[in-house]
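J.: Sharing a structure below in structure tokens format, with a few things to ask.
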Amino acid sequence: MKAVVITSPGDPEVLKLQEVEDPQLKDDQVAATALNRADTLQRQGKYPPPKGDSEYPGLECSGTVEAVGKDVTRWKIGDQVCALIGGGGYAEKVAVPTGQVLPVPSGVSLQDAASFPEVACTVWSTIFMKSKLSSGETFLIHGGSSGIGTFAIQMAKCLGVKVFITAGSAEKLAACKELGADVCINYKTEDFVTRIKEETGGKGVDVILDNIGGPYFQRNLDSLNIDGRLFIIGFMGGTVTQVNLGCLLARRLTVQAAGLRSRSAKNKAQIVREVEKNVWPAIAAGKVKPVVYKYFPLAEAAEAHQLMESSKHIGKILLTV
């Protein structure tokens, strides 16, 4: 089969489409795979795949089941599915544990289904399963126009949450507004802490989803309401900061962080079950839609990475096979 190989750690140009051996056993033929920031880190040699997962990049995919293991009961050859994977999405075939496979949501194309597994599992497992975001609360999403952000806006609005977002251009703010965001803040021209306090009568928001890390840590804490919850899923701005911890005690704040890729297969399967139960009906009802900025053929993975690193996109970038 063909797969995108990281020929050496480096810039996007190190991504090359090559002939490689087929994965062993539970082969799913891939129709599409989506880009994630983690893929660019893996390309640079900073985020190796967990032991036992494919060395090729790609954390989610969609496709047609080509073969199943002897213990697999739910899926059969020919089923159209999408999946959460630890690696190997940038290829024509990938082997996936059965617990991480999902049916293609009703009303969504096989290609576009590749845009959902990673974002849905990330947002549901953090903001809803851990931070317990619920109807009537307020929610700030940093990077509202990202793949995570565009999904989180729609999912939160489905559940009756008031959504705040930050983004860096008028085009991105408008896209977030169209998806349902209530308060859109340009982080380049506004102080998000001040704006949040203004919009909430000085209280702050109940939950924050952050991918910046260090530079935003104190400001995120300052933006939280009493009993507020901060969930960190990335460190695009760095991992080191200085913080005044007094507000944690004074306002009973909770800070959590988690990744998805390094979790056990059992844990991933539990998250996938929760996503199918809680998120897939919203997609089938048309309340949550795929937001795909651009499609690239697998051979143009380098160009797709260049687009992602430019941060000009809104929503997901897909590689088609």
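Labeling convention for the structure tokens: chains A, B, ... as they appear, residues from 1 per chain, ligands from 1 in order of appearance.
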May I have the residues within 10 Å of A:Glu300 as a list in words, using only C-alpha atoms and disregarding those fewer than 3 positions away in the same chain?

T.: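 The neighbour list is Val4, Pro12, Glu13, Leu15, Lys16, Leu17, Tyr295, Phe296, Pro297, Glu303, Ala304, His305, Leu319 and Thr320 of chain A.
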
J.: As a ChimeraX atom specification, please: every residue in stretch 56-224 of chain A that DSSP puts in helix (DSSP H, G or I).

T.: /A:98-100,112-115,117-128,147-158,170-179,192-199,214-222

J.: Pick out the closest residue to A:Ala31 from this set: A:Val81, A:Val96, A:Val101, A:Val205. Count only C-alpha atoms.

T.: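 Of all the options, A:Val81 lies closest to A:Ala31.
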
J.: Give me, as a list in words, all polymer residues having an atom no more than 12 Å from A:Asn278, counting only C-alpha atoms and skipping those fewer than 2 positions away in the same chain.

T.: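 Listing them by chain and then by number gives Ala120, Cys121, Val123, Trp124, Ser125, Phe128, Met129, Met155, Ala156, Cys158, Leu159, Ile271, Val272, Arg273, Glu274, Val275, Glu276, Trp280, Pro281, Ala282, Ile283, Ala284, Ala285 and Val288 of chain A.
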
J.: Compile a residue-level contact table for stretch 200-227 of chain A against stretch 165-188 of chain A at a cut-off of 12 Å, reporting for every qualifying residue the shortest atom pair and its distance in Å to one decimal, with only C-alpha atoms counted, rows ordered by chain and ascending number, as CSV.

T.:
```
residue,atom,partner,partner_atom,distance
A:Thr200,CA,A:Val183,CA,10.6
A:Val205,CA,A:Ile165,CA,11.3
A:Val207,CA,A:Ile165,CA,11.7
A:Ile208,CA,A:Ile165,CA,9.6
A:Leu209,CA,A:Ile165,CA,9.7
A:Asp210,CA,A:Thr166,CA,10.3
A:Asn211,CA,A:Thr166,CA,11.4
A:Ile212,CA,A:Thr166,CA,11.5
A:Tyr216,CA,A:Tyr187,CA,11.1
```
